[in-house]
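Peer 1: So that you have it, the file is target09.cif, and it contains mmCIF, C-alpha atoms and all ligand atoms:
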```cif
data_entry
#
loop_
_atom_site.label_atom_id
_atom_site.label_comp_id
_atom_site.auth_asym_id
_atom_site.auth_seq_id
_atom_site.Cartn_x
_atom_site.Cartn_y
_atom_site.Cartn_z
CA MET A 647 0.00 0.00 0.00
CA THR A 648 1.20 3.51 -0.75
CA LYS A 649 2.07 5.90 2.05
CA LYS A 650 -0.86 7.89 3.43
CA VAL A 651 -1.29 11.45 2.22
CA GLY A 652 -0.99 13.75 5.26
CA VAL A 653 -3.18 16.84 5.64
CA LEU A 654 -2.68 19.34 8.47
CA PHE A 655 -5.16 22.21 8.97
CA VAL A 656 -3.73 25.23 10.76
CA CYS A 657 -5.26 28.36 12.33
CA LEU A 658 -4.20 30.63 15.18
CA GLY A 659 -5.73 29.02 18.27
CA ASN A 660 -6.64 25.50 17.04
CA ILE A 661 -9.99 25.78 18.82
CA CYS A 662 -12.28 27.27 16.13
CA ARG A 663 -11.39 27.09 12.44
CA SER A 664 -8.80 24.31 12.09
CA PRO A 665 -10.58 21.74 14.30
CA THR A 666 -13.75 22.54 12.33
CA ALA A 667 -11.85 21.92 9.09
CA GLU A 668 -10.41 18.70 10.51
CA GLY A 669 -13.91 17.46 11.47
CA ILE A 670 -15.52 18.38 8.15
CA PHE A 671 -12.66 16.89 6.17
CA ARG A 672 -12.68 13.66 8.23
CA LYS A 673 -16.38 13.27 7.45
CA LEU A 674 -15.81 13.75 3.69
CA VAL A 675 -12.91 11.33 3.69
CA ARG A 676 -14.97 8.74 5.58
CA GLU A 677 -17.87 9.13 3.16
CA ARG A 678 -15.49 8.48 0.27
CA GLU A 679 -14.01 5.50 2.16
CA LEU A 680 -10.52 6.98 1.93
CA ASP A 681 -9.65 6.74 5.65
CA GLN A 682 -6.90 4.25 4.89
CA HIS A 683 -5.25 6.65 2.46
CA ILE A 684 -5.37 10.02 4.19
CA HIS A 685 -3.97 11.10 7.58
CA ILE A 686 -5.67 14.21 9.00
CA ASP A 687 -4.76 16.52 11.89
CA SER A 688 -5.00 20.16 12.95
CA ALA A 689 -2.82 22.58 14.94
CA GLY A 690 -2.47 26.22 15.92
CA THR A 691 0.37 28.65 15.36
CA GLY A 692 -0.28 29.93 18.92
CA ALA A 693 0.07 27.93 22.15
CA TRP A 694 -2.74 29.44 24.29
CA HIS A 695 -5.14 26.52 23.83
CA VAL A 696 -2.82 23.53 23.84
CA GLY A 697 -4.74 20.58 25.34
CA SER A 698 -8.11 22.35 25.14
CA PRO A 699 -11.21 21.07 23.34
CA PRO A 700 -12.64 23.17 20.51
CA ASP A 701 -14.58 26.32 21.44
CA ASN A 702 -18.18 25.42 22.47
CA ARG A 703 -19.60 27.55 19.66
CA ALA A 704 -17.49 25.69 17.08
CA GLN A 705 -18.56 22.35 18.58
CA GLN A 706 -22.23 23.34 18.41
CA ALA A 707 -22.04 24.71 14.88
CA ALA A 708 -20.30 21.54 13.67
CA ALA A 709 -22.80 19.32 15.51
CA ARG A 710 -25.64 21.03 13.61
CA ARG A 711 -24.03 19.58 10.47
CA ASP A 712 -23.58 16.14 12.02
CA VAL A 713 -19.88 16.62 12.69
CA ASP A 714 -18.57 15.78 16.17
CA ILE A 715 -15.36 17.63 17.03
CA SER A 716 -15.73 17.36 20.83
CA GLY A 717 -12.88 14.84 21.15
CA LEU A 718 -10.25 17.00 19.46
CA ARG A 719 -7.60 18.75 21.58
CA GLY A 720 -5.49 21.77 20.75
CA ARG A 721 -1.83 21.48 19.87
CA GLN A 722 0.77 23.84 18.48
CA VAL A 723 2.46 23.49 15.10
CA GLU A 724 5.90 21.84 15.33
CA ARG A 725 8.82 21.95 12.89
CA ASP A 726 8.38 18.23 12.21
CA ASP A 727 4.93 18.92 10.80
CA PHE A 728 6.44 20.37 7.63
CA ASP A 729 8.08 17.02 6.91
CA ARG A 730 5.28 14.81 8.17
CA PHE A 731 2.42 16.39 6.20
CA ASP A 732 2.03 16.65 2.42
CA TYR A 733 -0.52 19.45 2.70
CA VAL A 734 -0.20 22.17 5.37
CA ILE A 735 -3.41 24.14 4.98
CA ALA A 736 -3.63 27.64 6.49
CA MET A 737 -6.95 29.27 7.31
CA ASP A 738 -5.80 32.82 6.59
CA ARG A 739 -2.89 34.81 5.21
CA SER A 740 -1.55 35.58 8.66
CA ASN A 741 -1.33 31.85 9.45
CA LEU A 742 0.29 31.31 6.05
CA GLN A 743 2.94 33.91 6.78
CA ASP A 744 3.66 32.46 10.23
CA LEU A 745 3.91 28.95 8.80
CA ARG A 746 6.29 30.01 6.06
CA SER A 747 8.58 31.65 8.63
CA LEU A 748 8.49 28.57 10.85
CA ALA A 749 9.10 26.10 8.05
CA ARG A 750 12.33 27.59 6.76
CA GLY A 751 13.29 25.78 3.53
CA ARG A 752 10.46 23.79 2.04
CA THR A 753 7.24 25.83 1.82
CA GLU A 754 5.54 24.88 -1.45
CA HIS A 755 3.12 22.53 0.35
CA ILE A 756 1.86 25.35 2.62
CA GLU A 757 -1.32 26.74 1.08
CA LEU A 758 -4.48 28.68 1.86
CA LEU A 759 -7.59 26.55 2.39
CA LEU A 760 -9.73 28.87 0.28
CA SER A 761 -7.43 28.40 -2.71
CA TYR A 762 -9.42 25.15 -3.05
CA ALA A 763 -12.86 26.85 -2.79
CA HIS A 764 -15.21 27.10 -5.75
CA ASN A 765 -17.88 29.45 -4.44
CA TRP A 766 -15.79 31.90 -2.40
CA SER A 767 -13.44 34.50 -3.83
CA GLU A 768 -12.10 35.46 -0.37
CA GLN A 769 -8.60 34.34 0.59
CA ASP A 770 -9.13 34.13 4.34
CA VAL A 771 -11.48 32.08 6.51
CA PRO A 772 -12.27 34.87 9.00
CA ASP A 773 -11.46 34.31 12.66
CA PRO A 774 -14.87 33.82 14.37
CA TYR A 775 -13.51 33.87 17.94
CA TYR A 776 -14.59 37.41 18.88
CA GLY A 777 -17.82 37.44 16.84
CA GLY A 778 -21.31 35.93 17.07
CA PRO A 779 -22.83 32.61 15.98
CA ALA A 780 -23.28 33.74 12.35
CA GLY A 781 -19.49 33.85 12.02
CA PHE A 782 -19.26 30.16 12.84
CA GLU A 783 -21.88 29.28 10.21
CA ARG A 784 -19.97 31.25 7.59
CA VAL A 785 -16.74 29.50 8.57
CA LEU A 786 -18.50 26.16 8.08
CA ASP A 787 -19.89 27.16 4.68
CA MET A 788 -16.42 28.20 3.50
CA ILE A 789 -14.73 25.11 4.91
CA GLU A 790 -17.28 22.69 3.42
CA ASP A 791 -16.79 24.16 -0.03
CA ALA A 792 -12.98 24.23 0.09
CA ALA A 793 -12.70 20.81 1.75
CA ASN A 794 -14.47 19.27 -1.24
CA GLY A 795 -12.01 20.96 -3.60
CA LEU A 796 -9.05 19.82 -1.50
CA LEU A 797 -10.27 16.24 -1.47
CA ARG A 798 -10.60 16.26 -5.25
CA ASP A 799 -6.98 17.44 -5.49
CA ILE A 800 -5.85 14.63 -3.20
CA GLU A 801 -7.88 12.08 -5.13
CA ASP A 802 -6.01 13.17 -8.25
CA ARG A 803 -2.75 12.67 -6.40
CA LEU A 804 -3.81 9.24 -5.18
CA GLY A 805 -4.66 8.43 -8.80
CA ASN A 806 -5.65 4.98 -9.87
CA ALA A 807 -5.52 3.53 -6.39
CA VAL A 808 -8.61 5.59 -5.63
CA ASP A 809 -10.28 5.69 -9.07
CA SER A 810 -10.53 1.93 -9.16
CA ARG A 811 -12.41 1.68 -5.85
P1 LIG A 901 -8.98 29.98 15.72
O1 LIG A 901 -9.66 31.17 16.59
O2 LIG A 901 -7.65 30.50 15.27
O3 LIG A 901 -9.93 29.79 14.59
O4 LIG A 901 -8.89 28.79 16.65
C1 LIG A 901 -9.01 31.75 17.68
C2 LIG A 901 -9.15 31.18 18.92
C3 LIG A 901 -8.54 31.78 20.01
C4 LIG A 901 -7.78 32.91 19.84
C5 LIG A 901 -7.64 33.47 18.60
C6 LIG A 901 -8.25 32.88 17.51
N1 LIG A 901 -7.17 33.51 20.94
O5 LIG A 901 -6.57 34.60 20.79
O6 LIG A 901 -7.21 32.97 22.07
#
```
How does this structure look as structure tokens?
Peer 2:
Amino acid sequence: MTKKVGVLFVCLGNICRSPTAEGIFRKLVRERELDQHIHIDSAGTGAWHVGSPPDNRAQQAAARRDVDISGLRGRQVERDDFDRFDYVIAMDRSNLQDLRSLARGRTEHIELLLSYAHNWSEQDVPDPYYGGPAGFERVLDMIEDAANGLLRDIEDRLGNAVDSR
């Protein structure tokens, strides 16, 4: 069997956007029966919420779309991540900048999530932490769209192994 494709979603705190992206993407991957082929994780550039579950509002918004992210726990991005993951997916341009500085060297696999979106022309998934519930719904809408585009890209990379399923 070929090596798993690794996907790491990254935001600032790892309690709102990136765990939401991890949960949505896990669901898509499960639906496509690709669990054996894709390794998924999330992390934050900041360390404030290491060990914490996702923000309650993010958990509730995800649950309304049948996605359970309650078991996830915050962690901070580590240098190893740039070697371990094939896709390092930033939620906004500030995360992207921070990741590029951290990575040194190899940075071509660090990308913005919304570069995979079809229905959004924005570049950034906005930080919903200081806003109201509508912000979390918008984050989910953006993530759902882009996660589908990202999965299609990975399916292309996996090639025949996936097409023949
Ligand atoms: P996230 O949102 O980056 O989507 O997880 C944030 C969560 C917490 C903080 C900032 C952003 N914070 O400053 O604590």
Peer 1: Would you mind listing the residues within 12 Å of ligand LIG 901 (chain A), counting all atoms listed in the file, as an mmCIF file with C-alpha atoms, in the coordinates of the input?
Peer 2:
```
data_model
loop_
_atom_site.group_PDB
_atom_site.id
_atom_site.type_symbol
_atom_site.label_atom_id
_atom_site.label_comp_id
_atom_site.auth_asym_id
_atom_site.auth_seq_id
_atom_site.Cartn_x
_atom_site.Cartn_y
_atom_site.Cartn_z
ATOM 1 C CA PHE A 655 -5.160 22.210 8.970
ATOM 2 C CA VAL A 656 -3.730 25.230 10.760
ATOM 3 C CA CYS A 657 -5.260 28.360 12.330
ATOM 4 C CA LEU A 658 -4.200 30.630 15.180
ATOM 5 C CA GLY A 659 -5.730 29.020 18.270
ATOM 6 C CA ASN A 660 -6.640 25.500 17.040
ATOM 7 C CA ILE A 661 -9.990 25.780 18.820
ATOM 8 C CA CYS A 662 -12.280 27.270 16.130
ATOM 9 C CA ARG A 663 -11.390 27.090 12.440
ATOM 10 C CA SER A 664 -8.800 24.310 12.090
ATOM 11 C CA PRO A 665 -10.580 21.740 14.300
ATOM 12 C CA THR A 666 -13.750 22.540 12.330
ATOM 13 C CA ALA A 667 -11.850 21.920 9.090
ATOM 14 C CA GLU A 668 -10.410 18.700 10.510
ATOM 15 C CA SER A 688 -5.000 20.160 12.950
ATOM 16 C CA ALA A 689 -2.820 22.580 14.940
ATOM 17 C CA GLY A 690 -2.470 26.220 15.920
ATOM 18 C CA THR A 691 0.370 28.650 15.360
ATOM 19 C CA GLY A 692 -0.280 29.930 18.920
ATOM 20 C CA ALA A 693 0.070 27.930 22.150
ATOM 21 C CA TRP A 694 -2.740 29.440 24.290
ATOM 22 C CA HIS A 695 -5.140 26.520 23.830
ATOM 23 C CA VAL A 696 -2.820 23.530 23.840
ATOM 24 C CA SER A 698 -8.110 22.350 25.140
ATOM 25 C CA PRO A 699 -11.210 21.070 23.340
ATOM 26 C CA PRO A 700 -12.640 23.170 20.510
ATOM 27 C CA ASP A 701 -14.580 26.320 21.440
ATOM 28 C CA ASN A 702 -18.180 25.420 22.470
ATOM 29 C CA ARG A 703 -19.600 27.550 19.660
ATOM 30 C CA ALA A 704 -17.490 25.690 17.080
ATOM 31 C CA GLN A 705 -18.560 22.350 18.580
ATOM 32 C CA ARG A 719 -7.600 18.750 21.580
ATOM 33 C CA GLY A 720 -5.490 21.770 20.750
ATOM 34 C CA ARG A 721 -1.830 21.480 19.870
ATOM 35 C CA GLN A 722 0.770 23.840 18.480
ATOM 36 C CA ALA A 736 -3.630 27.640 6.490
ATOM 37 C CA MET A 737 -6.950 29.270 7.310
ATOM 38 C CA ASP A 738 -5.800 32.820 6.590
ATOM 39 C CA ARG A 739 -2.890 34.810 5.210
ATOM 40 C CA SER A 740 -1.550 35.580 8.660
ATOM 41 C CA ASN A 741 -1.330 31.850 9.450
ATOM 42 C CA ASP A 770 -9.130 34.130 4.340
ATOM 43 C CA VAL A 771 -11.480 32.080 6.510
ATOM 44 C CA PRO A 772 -12.270 34.870 9.000
ATOM 45 C CA ASP A 773 -11.460 34.310 12.660
ATOM 46 C CA PRO A 774 -14.870 33.820 14.370
ATOM 47 C CA TYR A 775 -13.510 33.870 17.940
ATOM 48 C CA TYR A 776 -14.590 37.410 18.880
ATOM 49 C CA GLY A 777 -17.820 37.440 16.840
ATOM 50 C CA GLY A 781 -19.490 33.850 12.020
ATOM 51 C CA PHE A 782 -19.260 30.160 12.840
ATOM 52 C CA VAL A 785 -16.740 29.500 8.570
ATOM 53 C CA LEU A 786 -18.500 26.160 8.080
ATOM 54 C CA ILE A 789 -14.730 25.110 4.910
#
```
Peer 1: Let me make sure I understand: among A:Met788, A:Leu804, A:Ala749, A:Leu760, which one has the smallest atom-to-atom distance to Ile670 of chain A if we use all atoms listed in the file?
Peer 2: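 The closest residue to Ile670 of chain A is A:Met788.
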Peer 1: Using Å and a single decimal, report how far atom CA of Arg710 of chain A sits from atom CA of Tyr733 of chain A.
Peer 2: 27.4 Å
Peer 1: Considering all atoms listed in the file, state which residue in the set A:Gly778, A:Gly669, A:Gly697, A:Gly805 is at the smallest distance from Arg711 of chain A.
Peer 2: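 Closest to Arg711 of chain A of all the choices is A:Gly669.
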Peer 1: What does the structure give for the distance between atom CA of Leu797 of chain A and atom CA of Phe728 of chain A, in Å to one decimal?
Peer 2: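 Straight-line distance from atom CA of Leu797 of chain A to atom CA of Phe728 of chain A works out to 19.5 Å.
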Peer 1: How close does each residue of segment 729-781 of chain A get to segment 681-686 of chain A, giving the shortest atom pair and distance in Å to one decimal for every residue with an atom at most 12 Å away, counting all atoms listed in the file, sorted by chain and residue number, as a Markdown table?
Peer 2:
```
| residue | atom | partner | partner_atom | distance |
| --- | --- | --- | --- | --- |
| A:Arg730 | CA | A:His685 | CA | 10.0 |
| A:Phe731 | CA | A:His685 | CA | 8.4 |
| A:Asp732 | CA | A:His685 | CA | 9.7 |
| A:Tyr733 | CA | A:Ile686 | CA | 9.7 |
| A:Val734 | CA | A:Ile686 | CA | 10.3 |
| A:Ile735 | CA | A:Ile686 | CA | 10.9 |
```
Peer 1: Interatomic distance between atom CA of Val653 of chain A and atom CA of Ser716 of chain A?
Peer 2: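 Atom-to-atom, atom CA of Val653 of chain A and atom CA of Ser716 of chain A are spaced 19.7 Å apart.
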Peer 1: Compare A:Leu742, A:Ala793, A:Gln706, A:Glu677 by their minimum atom-to-atom distance to Glu754 of chain A, counting only C-alpha atoms, and give me the closest one.
Peer 2: A:Leu742
Peer 1: Between A:Asn765, A:Arg752, A:Leu745, A:Asp727, which one has atoms that come closest to Asp787 of chain A, using only C-alpha atoms?
Peer 2: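 Among the listed residues, A:Asn765 lies closest to Asp787 of chain A.
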Peer 1: From the list A:Ile800, A:Val713, A:Ala707, A:Ala792, which residue is nearest Ala763 of chain A when using only C-alpha atoms?
Peer 2: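 The closest residue to Ala763 of chain A is A:Ala792.
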